$ cat target_0.tsv   # TSV, C-alpha atoms (C1' of nucleotides)
chain	number	residue	atom	x	y	z
A	29	MET	CA	-23.90	2.09	-3.42
A	30	ARG	CA	-21.41	0.66	-0.98
A	31	LEU	CA	-19.52	-2.50	-1.74
A	32	GLY	CA	-20.38	-5.38	0.61
A	33	TYR	CA	-18.89	-8.59	1.91
A	34	ASP	CA	-19.92	-10.47	-1.23
A	35	PHE	CA	-17.67	-8.19	-3.28
A	36	PHE	CA	-14.61	-8.47	-1.03
A	37	GLN	CA	-14.90	-12.13	-0.08
A	38	ARG	CA	-13.60	-13.45	-3.38
A	39	ASP	CA	-10.10	-14.34	-4.49
A	40	VAL	CA	-7.71	-11.39	-4.42
A	41	LEU	CA	-6.86	-11.87	-8.11
A	42	THR	CA	-10.52	-11.19	-8.88
A	43	VAL	CA	-11.02	-8.33	-6.44
A	44	ALA	CA	-7.84	-6.34	-7.24
A	45	PRO	CA	-8.75	-5.52	-10.88
A	46	ALA	CA	-12.45	-5.20	-9.94
A	47	LEU	CA	-11.59	-2.33	-7.57
A	48	LEU	CA	-10.36	-0.17	-10.46
A	49	GLY	CA	-12.90	2.59	-11.03
A	50	ALA	CA	-14.45	2.18	-7.56
A	51	TYR	CA	-14.71	5.19	-5.24
A	52	LEU	CA	-12.69	5.22	-2.04
A	53	VAL	CA	-14.47	7.40	0.53
A	54	ARG	CA	-12.92	8.90	3.66
A	55	VAL	CA	-15.08	10.97	6.00
A	56	TYR	CA	-12.74	13.33	7.80
A	57	ASN	CA	-14.14	15.89	10.24
A	58	ASN	CA	-17.57	15.49	8.68
A	59	GLN	CA	-16.17	16.18	5.24
A	60	LYS	CA	-16.36	13.62	2.49
A	61	LEU	CA	-13.09	12.98	0.68
A	62	VAL	CA	-13.66	10.93	-2.44
A	63	CYS	CA	-11.28	9.49	-5.02
A	64	LYS	CA	-11.44	6.97	-7.84
A	65	ILE	CA	-9.12	3.97	-7.52
A	66	VAL	CA	-6.86	3.73	-10.58
A	67	GLU	CA	-4.07	1.39	-9.46
A	68	THR	CA	-3.98	-1.74	-7.27
A	69	GLU	CA	-1.74	-4.70	-6.46
A	70	ALA	CA	-2.71	-8.18	-5.27
A	71	TYR	CA	-0.90	-9.91	-2.39
A	72	ARG	CA	-1.84	-13.53	-2.15
A	73	GLY	CA	-0.63	-15.34	0.94
A	74	PRO	CA	0.26	-18.00	1.87
A	75	GLU	CA	1.81	-18.91	-1.52
A	76	ASP	CA	3.04	-15.41	-2.44
A	77	LYS	CA	6.65	-14.73	-1.46
A	78	GLY	CA	5.94	-11.02	-1.74
A	79	CYS	CA	3.13	-11.16	0.80
A	80	HIS	CA	3.74	-10.36	4.45
A	81	ALA	CA	1.76	-13.50	5.31
A	82	TYR	CA	3.80	-15.82	3.08
A	83	ARG	CA	3.53	-19.37	4.44
A	84	ASN	CA	0.74	-18.14	6.73
A	85	LYS	CA	3.23	-16.11	8.75
A	86	ARG	CA	1.11	-14.75	11.55
A	87	THR	CA	2.59	-11.94	13.62
A	88	LYS	CA	1.32	-8.90	15.41
A	89	ARG	CA	1.64	-6.93	12.18
A	90	THR	CA	-0.03	-9.42	9.83
A	91	GLU	CA	-2.93	-10.29	12.12
A	92	ALA	CA	-5.40	-8.11	10.17
A	93	LEU	CA	-4.65	-10.02	6.95
A	94	PHE	CA	-6.42	-13.03	8.45
A	95	LEU	CA	-9.69	-11.15	9.00
A	96	PRO	CA	-12.63	-11.84	6.66
A	97	GLY	CA	-12.67	-9.89	3.37
A	98	GLY	CA	-13.92	-6.33	3.76
A	99	HIS	CA	-11.51	-5.16	6.45
A	100	ALA	CA	-8.48	-2.85	6.14
A	101	TYR	CA	-4.85	-3.86	6.62
A	102	ILE	CA	-2.59	-0.88	7.36
A	103	TYR	CA	1.10	-0.89	8.14
A	104	MET	CA	3.95	1.60	8.17
A	105	ILE	CA	6.84	1.41	5.74
A	106	TYR	CA	10.25	3.11	5.74
A	107	GLY	CA	9.39	4.74	9.04
A	108	MET	CA	7.25	7.41	7.41
A	109	TYR	CA	4.46	6.16	5.18
A	110	TYR	CA	1.33	4.12	5.74
A	111	MET	CA	0.00	1.63	3.19
A	112	LEU	CA	-3.71	0.97	2.71
A	113	ASN	CA	-4.76	-2.58	1.86
A	114	ILE	CA	-8.19	-4.15	1.46
A	115	VAL	CA	-8.39	-7.66	2.90
A	116	THR	CA	-10.11	-10.16	0.58
A	117	ALA	CA	-11.41	-13.75	0.59
A	118	GLN	CA	-12.62	-15.64	3.65
A	119	GLN	CA	-11.38	-15.43	7.21
A	120	ASP	CA	-7.92	-16.99	7.76
A	121	GLN	CA	-7.01	-16.61	4.08
A	122	PRO	CA	-4.33	-13.90	4.21
A	123	GLN	CA	-4.94	-11.98	0.99
A	124	ALA	CA	-5.16	-8.23	0.39
A	125	VAL	CA	-5.26	-5.56	-2.29
A	126	LEU	CA	-2.80	-2.68	-1.96
A	127	ILE	CA	-4.39	0.58	-3.06
A	128	ARG	CA	-1.53	2.26	-4.94
A	129	ALA	CA	-3.08	5.30	-6.58
A	130	ALA	CA	-6.33	7.20	-7.07
A	131	GLU	CA	-7.81	10.17	-8.85
A	132	PRO	CA	-9.06	12.98	-6.55
A	133	ARG	CA	-12.80	13.68	-6.88
A	134	GLU	CA	-14.15	15.50	-3.79
A	135	GLY	CA	-12.49	17.43	-0.97
A	136	ILE	CA	-9.37	18.15	-2.97
A	137	GLU	CA	-8.38	21.21	-0.94
A	138	THR	CA	-8.55	19.22	2.30
A	139	MET	CA	-6.42	16.50	0.73
A	140	ARG	CA	-3.84	19.08	-0.26
A	141	ASN	CA	-3.76	20.54	3.23
A	142	LEU	CA	-3.37	17.11	4.84
A	143	SER	CA	-0.50	16.09	2.59
A	144	GLY	CA	1.18	19.44	2.17
A	145	HIS	CA	1.27	18.60	-1.51
A	146	THR	CA	1.74	21.57	-3.78
A	147	GLY	CA	2.10	19.83	-7.12
A	148	ASN	CA	-0.57	19.34	-9.71
A	149	PHE	CA	-3.85	17.55	-9.16
A	150	GLU	CA	-2.83	14.33	-10.94
A	151	ARG	CA	0.08	13.72	-8.54
A	152	LEU	CA	-1.86	14.26	-5.31
A	153	LEU	CA	-2.76	10.57	-4.80
A	154	SER	CA	-0.30	8.95	-7.22
A	155	GLY	CA	1.37	6.53	-4.82
A	156	PRO	CA	0.36	4.41	-1.81
A	157	GLY	CA	2.20	6.53	0.77
A	158	LYS	CA	0.92	9.81	-0.64
A	159	LEU	CA	-2.63	8.49	-0.81
A	160	CYS	CA	-2.71	7.62	2.90
A	161	ARG	CA	-1.24	10.97	3.85
A	162	ALA	CA	-3.77	12.97	1.83
A	163	LEU	CA	-6.70	10.98	3.20
A	164	ALA	CA	-5.51	11.02	6.84
A	165	ILE	CA	-5.33	7.23	6.96
A	166	ASP	CA	-3.07	5.87	9.69
A	167	ARG	CA	-2.71	2.71	11.74
A	168	THR	CA	-5.87	3.41	13.71
A	169	PHE	CA	-7.65	2.04	10.64
A	170	ASN	CA	-5.81	-1.28	10.85
A	171	GLY	CA	-8.50	-3.95	11.10
A	172	TYR	CA	-11.23	-1.40	10.29
A	173	ASN	CA	-14.50	-2.77	8.93
A	174	LEU	CA	-14.92	-1.18	5.50
A	175	VAL	CA	-18.39	-2.66	5.00
A	176	GLU	CA	-19.98	-1.33	8.19
A	177	GLY	CA	-17.67	1.56	9.14
A	178	THR	CA	-18.64	5.18	8.57
A	179	GLU	CA	-15.25	6.90	8.23
A	180	LEU	CA	-13.71	4.76	5.53
A	181	PHE	CA	-15.46	2.65	2.91
A	182	ILE	CA	-15.73	1.89	-0.80
A	183	GLU	CA	-18.55	2.70	-3.20
A	184	LEU	CA	-19.41	1.25	-6.55
A	185	GLY	CA	-17.86	3.64	-9.04
A	186	GLU	CA	-17.33	3.69	-12.76
A	187	THR	CA	-17.48	0.58	-14.88
A	188	VAL	CA	-14.12	-0.07	-16.46
A	189	PRO	CA	-13.88	-1.91	-19.79
A	190	GLU	CA	-11.62	-4.96	-19.64
A	191	ASN	CA	-9.38	-3.56	-22.37
A	192	GLN	CA	-8.49	-0.49	-20.28
A	193	ILE	CA	-6.91	-2.57	-17.52
A	194	VAL	CA	-3.15	-3.00	-17.76
A	195	HIS	CA	-1.55	-6.00	-16.02
A	196	SER	CA	2.05	-5.48	-14.90
A	197	LYS	CA	4.68	-6.59	-12.41
A	198	ARG	CA	4.37	-5.36	-8.85
A	199	ILE	CA	6.60	-2.54	-7.64
A	200	ASN	CA	9.56	-2.88	-5.26
A	201	ILE	CA	9.33	-6.51	-4.24
A	202	ASP	CA	12.64	-7.74	-5.66
A	203	TYR	CA	12.98	-10.12	-2.71
A	204	ALA	CA	9.94	-12.15	-3.83
A	205	GLU	CA	11.91	-14.41	-6.20
A	206	GLU	CA	9.65	-16.01	-8.82
A	207	TYR	CA	6.66	-14.12	-7.44
A	208	LYS	CA	8.13	-10.74	-8.29
A	209	ASP	CA	7.34	-11.44	-11.94
A	210	LYS	CA	3.66	-12.16	-11.36
A	211	LEU	CA	1.46	-9.68	-13.22
A	212	TRP	CA	-0.51	-8.81	-10.10
A	213	ARG	CA	-0.42	-5.03	-10.47
A	214	TYR	CA	-3.41	-3.49	-12.24
A	215	TYR	CA	-3.97	0.05	-13.45
A	216	LEU	CA	-6.09	2.05	-15.85
A	217	SER	CA	-4.24	2.64	-19.10
A	218	ASP	CA	-3.64	6.28	-19.98
A	219	ASN	CA	-4.69	7.49	-16.54
A	220	PRO	CA	-2.45	10.40	-15.46
A	221	CYS	CA	-2.83	9.53	-11.74
A	222	VAL	CA	-1.06	6.15	-11.69
A	223	SER	CA	2.20	5.99	-9.75
A	224	ARG	CA	4.24	5.07	-12.80
A	225	ILE	CA	3.65	3.70	-16.25
A	226	ASP	CA	6.89	1.89	-17.01
A	227	ASN	CA	7.65	-1.69	-15.95
A	228	LYS	CA	6.03	-4.90	-17.16
B	25	DT	C1'	17.71	-6.00	24.25
B	26	DC	C1'	20.05	-5.29	19.61
B	27	DT	C1'	20.19	-4.86	14.60
B	28	DA	C1'	18.79	-4.58	9.90
B	29	DC	C1'	15.63	-3.17	6.69
B	30	DG	C1'	11.32	-2.17	4.01
B	31	DA	C1'	4.59	-3.26	-0.75
B	32	DT	C1'	8.07	4.93	-0.54
B	33	DT	C1'	8.93	9.62	-1.77
B	34	DT	C1'	11.71	13.32	-2.86
B	35	DA	C1'	15.67	15.73	-4.08
B	36	DC	C1'	19.87	15.84	-6.13
B	37	DT	C1'	24.19	14.48	-9.41
C	6	DG	C1'	20.99	7.16	-12.26
C	7	DT	C1'	21.70	7.36	-6.49
C	8	DA	C1'	20.78	8.62	-1.70
C	9	DA	C1'	18.56	10.31	2.45
C	10	DA	C1'	14.75	10.62	5.57
C	11	DT	C1'	13.00	7.75	9.65
C	12	DC	C1'	10.89	3.95	12.83
C	13	DG	C1'	8.05	-0.26	13.79
C	14	DT	C1'	8.68	-4.94	13.18
C	15	DA	C1'	10.88	-9.41	12.74
C	16	DG	C1'	14.35	-12.27	13.73
C	17	DA	C1'	18.50	-13.04	15.99
C	18	DA	C1'	21.27	-12.99	20.27
$ encode --input "target_0.tsv" --output "structure tokens"
Amino acid sequence: MRLGYDFFQRDVLTVAPALLGAYLVRVYNNQKLVCKIVETEAYRGPEDKGCHAYRNKRTKRTEALFLPGGHAYIYMIYGMYYMLNIVTAQQDQPQAVLIRAAEPREGIETMRNLSGHTGNFERLLSGPGKLCRALAIDRTFNGYNLVEGTELFIELGETVPENQIVHSKRINIDYAEEYKDKLWRYYLSDNPCVSRIDNK
DNA sequence: TCTACGATTTACT
DNA sequence: GTAAATCGTAGAA
């Protein structure tokens, strides 16, 4: 069952942990690529100094963050990687969940070919840049409707017990001052596919 | 226009 | 532990 607007149009701090265990589906050349989300981070503008839309900063890049929950926000980082975010809450509330890592489920060979990854299965989607590469997600999906679209969407997946969800500090946002210490990163404990397990 | 740099990954000392 | 790859965007000039 696909997740709908009612799921995404809630506060990002509710949606980010709720996405753990859900299935991210990418239909690429008529082939279904499926993976289970195991790591997310919440970005909560306008208050969040780590969020691109801090203080409601509205630019060409951040425009998609202001869409209603259920759309995608994609941007390029370091000149070579795309990041996949799920916009949450109501229109004009710039919040999004960064999908940081997932566990491959279907179409693994295609994912390997797309990413050129030769390592082991657990590392194929273990990072936001790698995940986008292996699923052929680029900026054409910026602003994409994940509720009604057919090439990229999210399905109800496995139910995750509360006690398996680890809360930690977000990665690589040292510029965010007091917000860098917020425990807005969520991942499944003991899952070998998360990007890293250190850090609090 | 011009410049600096990032919600990363990988390889290397 | 540190550094390089690589480019669109934001903010300054």
$ interface_residues --input "target_0.tsv" --of "chain C" --to "chain A" --cutoff "9 Å" --atoms "only C-alpha atoms (C1' of nucleotides)" --output "list of chain:residue names"
C:DA10, C:DT11, C:DC12, C:DG13, C:DT14, C:DA15
$ interface_residues --input "target_0.tsv" --of "chain A" --to "chain B" --cutoff "8 Å" --atoms "all atoms listed in the file" --output "number ranges by chain"
A: 78, 105-106, 109, 111, 126, 156-157, 199-201
$ residues_around --input "target_0.tsv" --residues "range 177-185 of chain A" --least-positions-apart "4" --cutoff "7 Å" --atoms "all atoms listed in the file" --output "PyMOL selection string"
chain A and resi 29-31+49-56+173
$ axis_aligned_box --input "target_0.tsv" --around "range 57-71 of chain A" --padding-each-side "6 Å" --output "lines of an AutoDock Vina configuration file"
center_x = -9.2
center_y = 3.1
center_z = -0.2
size_x = 28.7
size_y = 38.1
size_z = 32.8
$ atom_distance --input "target_0.tsv" --atom1 "CA of Asp120 in chain A" --atom2 "CA of Trp212 in chain A"
21.0 Å
$ residues_around --input "target_0.tsv" --residues "range 133-143 of chain A" --least-positions-apart "2" --cutoff "8 Å" --atoms "all atoms listed in the file" --output "number ranges by chain"
A: 59-64, 131, 145-146, 152, 158, 161-164
$ atom_distance --input "target_0.tsv" --atom1 "CA of Phe94 in chain A" --atom2 "CA of Gln121 in chain A"
5.7 Å
$ atom_distance --input "target_0.tsv" --atom1 "CA of His99 in chain A" --atom2 "CA of Ile114 in chain A"
6.1 Å
$ residues_near_point --input "target_0.tsv" --point "(5.2, -9.2, -14.0)" --cutoff "7 Å" --atoms "all atoms listed in the file" --output "tab-separated table (two decimals) with C-alpha atoms, in the frame of the given file"
chain	number	residue	atom	x	y	z
A	196	SER	CA	2.05	-5.48	-14.90
A	197	LYS	CA	4.68	-6.59	-12.41
A	198	ARG	CA	4.37	-5.36	-8.85
A	208	LYS	CA	8.13	-10.74	-8.29
A	209	ASP	CA	7.34	-11.44	-11.94
A	210	LYS	CA	3.66	-12.16	-11.36
A	211	LEU	CA	1.46	-9.68	-13.22
A	212	TRP	CA	-0.51	-8.81	-10.10
A	228	LYS	CA	6.03	-4.90	-17.16
$ build_atoms --input "target_0.tsv" --residues "range 58-93 of chain A" --atoms "N, CA and C atoms" --output "mmCIF file, keeping the file's coordinate frame"
data_model
loop_
_atom_site.group_PDB
_atom_site.id
_atom_site.type_symbol
_atom_site.label_atom_id
_atom_site.label_comp_id
_atom_site.auth_asym_id
_atom_site.auth_seq_id
_atom_site.Cartn_x
_atom_site.Cartn_y
_atom_site.Cartn_z
ATOM 1 N N ASN A 58 -16.276 15.281 9.326
ATOM 2 C CA ASN A 58 -17.570 15.490 8.680
ATOM 3 C C ASN A 58 -17.479 15.927 7.224
ATOM 4 N N GLN A 59 -16.291 15.853 6.660
ATOM 5 C CA GLN A 59 -16.170 16.180 5.240
ATOM 6 C C GLN A 59 -15.870 14.913 4.451
ATOM 7 N N LYS A 60 -16.543 14.803 3.322
ATOM 8 C CA LYS A 60 -16.360 13.620 2.490
ATOM 9 C C LYS A 60 -15.183 13.837 1.536
ATOM 10 N N LEU A 61 -14.197 12.972 1.636
ATOM 11 C CA LEU A 61 -13.090 12.980 0.680
ATOM 12 C C LEU A 61 -13.280 11.770 -0.225
ATOM 13 N N VAL A 62 -13.358 12.018 -1.512
ATOM 14 C CA VAL A 62 -13.660 10.930 -2.440
ATOM 15 C C VAL A 62 -12.609 10.874 -3.543
ATOM 16 N N CYS A 63 -12.193 9.644 -3.895
ATOM 17 C CA CYS A 63 -11.280 9.490 -5.020
ATOM 18 C C CYS A 63 -11.580 8.201 -5.761
ATOM 19 N N LYS A 64 -11.201 8.166 -7.008
ATOM 20 C CA LYS A 64 -11.440 6.970 -7.840
ATOM 21 C C LYS A 64 -10.166 6.135 -7.879
ATOM 22 N N ILE A 65 -10.276 4.873 -7.533
ATOM 23 C CA ILE A 65 -9.120 3.970 -7.520
ATOM 24 C C ILE A 65 -8.659 3.701 -8.957
ATOM 25 N N VAL A 66 -7.376 3.941 -9.222
ATOM 26 C CA VAL A 66 -6.860 3.730 -10.580
ATOM 27 C C VAL A 66 -5.696 2.751 -10.638
ATOM 28 N N GLU A 67 -5.212 2.314 -9.467
ATOM 29 C CA GLU A 67 -4.070 1.390 -9.460
ATOM 30 C C GLU A 67 -4.097 0.513 -8.209
ATOM 31 N N THR A 68 -3.960 -0.797 -8.394
ATOM 32 C CA THR A 68 -3.980 -1.740 -7.270
ATOM 33 C C THR A 68 -2.913 -2.820 -7.460
ATOM 34 N N GLU A 69 -2.605 -3.523 -6.375
ATOM 35 C CA GLU A 69 -1.740 -4.700 -6.460
ATOM 36 C C GLU A 69 -2.325 -5.786 -5.575
ATOM 37 N N ALA A 70 -2.196 -7.049 -6.040
ATOM 38 C CA ALA A 70 -2.710 -8.180 -5.270
ATOM 39 C C ALA A 70 -1.574 -8.848 -4.501
ATOM 40 N N TYR A 71 -1.845 -9.150 -3.224
ATOM 41 C CA TYR A 71 -0.900 -9.910 -2.390
ATOM 42 C C TYR A 71 -1.624 -11.143 -1.902
ATOM 43 N N ARG A 72 -1.077 -12.300 -2.289
ATOM 44 C CA ARG A 72 -1.840 -13.530 -2.150
ATOM 45 C C ARG A 72 -1.125 -14.565 -1.286
ATOM 46 N N GLY A 73 -1.171 -14.332 0.036
ATOM 47 C CA GLY A 73 -0.630 -15.340 0.940
ATOM 48 C C GLY A 73 -1.565 -16.514 0.983
ATOM 49 N N PRO A 74 -1.084 -17.695 1.388
ATOM 50 C CA PRO A 74 0.260 -18.000 1.870
ATOM 51 C C PRO A 74 1.282 -18.353 0.779
ATOM 52 N N GLU A 75 0.869 -18.474 -0.478
ATOM 53 C CA GLU A 75 1.810 -18.910 -1.520
ATOM 54 C C GLU A 75 2.749 -17.803 -1.976
ATOM 55 N N ASP A 76 2.343 -16.544 -1.847
ATOM 56 C CA ASP A 76 3.040 -15.410 -2.440
ATOM 57 C C ASP A 76 4.250 -14.968 -1.609
ATOM 58 N N LYS A 77 5.438 -15.113 -2.189
ATOM 59 C CA LYS A 77 6.650 -14.730 -1.460
ATOM 60 C C LYS A 77 6.763 -13.229 -1.252
ATOM 61 N N GLY A 78 5.930 -12.466 -1.938
ATOM 62 C CA GLY A 78 5.940 -11.020 -1.740
ATOM 63 C C GLY A 78 4.968 -10.580 -0.665
ATOM 64 N N CYS A 79 4.168 -11.492 -0.182
ATOM 65 C CA CYS A 79 3.130 -11.160 0.800
ATOM 66 C C CYS A 79 3.684 -11.250 2.218
ATOM 67 N N HIS A 80 3.274 -10.334 3.068
ATOM 68 C CA HIS A 80 3.740 -10.360 4.450
ATOM 69 C C HIS A 80 3.332 -11.652 5.145
ATOM 70 N N ALA A 81 2.249 -12.267 4.670
ATOM 71 C CA ALA A 81 1.760 -13.500 5.310
ATOM 72 C C ALA A 81 2.164 -14.727 4.503
ATOM 73 N N TYR A 82 3.289 -14.659 3.810
ATOM 74 C CA TYR A 82 3.800 -15.820 3.080
ATOM 75 C C TYR A 82 3.948 -16.991 4.052
ATOM 76 N N ARG A 83 3.517 -18.150 3.611
ATOM 77 C CA ARG A 83 3.530 -19.370 4.440
ATOM 78 C C ARG A 83 2.716 -19.178 5.726
ATOM 79 N N ASN A 84 1.640 -18.376 5.581
ATOM 80 C CA ASN A 84 0.740 -18.140 6.730
ATOM 81 C C ASN A 84 1.442 -17.522 7.933
ATOM 82 N N LYS A 85 2.504 -16.765 7.657
ATOM 83 C CA LYS A 85 3.230 -16.110 8.750
ATOM 84 C C LYS A 85 2.295 -15.173 9.505
ATOM 85 N N ARG A 86 2.075 -15.496 10.750
ATOM 86 C CA ARG A 86 1.110 -14.750 11.550
ATOM 87 C C ARG A 86 1.852 -14.043 12.664
ATOM 88 N N THR A 87 1.901 -12.732 12.603
ATOM 89 C CA THR A 87 2.590 -11.940 13.620
ATOM 90 C C THR A 87 1.658 -10.820 14.048
ATOM 91 N N LYS A 88 2.138 -10.016 14.975
ATOM 92 C CA LYS A 88 1.320 -8.900 15.410
ATOM 93 C C LYS A 88 0.949 -8.008 14.215
ATOM 94 N N ARG A 89 1.913 -7.794 13.330
ATOM 95 C CA ARG A 89 1.640 -6.930 12.180
ATOM 96 C C ARG A 89 0.638 -7.540 11.214
ATOM 97 N N THR A 90 0.789 -8.820 10.887
ATOM 98 C CA THR A 90 -0.030 -9.420 9.830
ATOM 99 C C THR A 90 -1.404 -9.897 10.293
ATOM 100 N N GLU A 91 -1.677 -9.760 11.562
ATOM 101 C CA GLU A 91 -2.930 -10.290 12.120
ATOM 102 C C GLU A 91 -4.160 -9.875 11.301
ATOM 103 N N ALA A 92 -4.223 -8.610 10.881
ATOM 104 C CA ALA A 92 -5.400 -8.110 10.170
ATOM 105 C C ALA A 92 -5.609 -8.797 8.825
ATOM 106 N N LEU A 93 -4.527 -9.338 8.254
ATOM 107 C CA LEU A 93 -4.650 -10.020 6.950
ATOM 108 C C LEU A 93 -5.515 -11.274 7.057
#
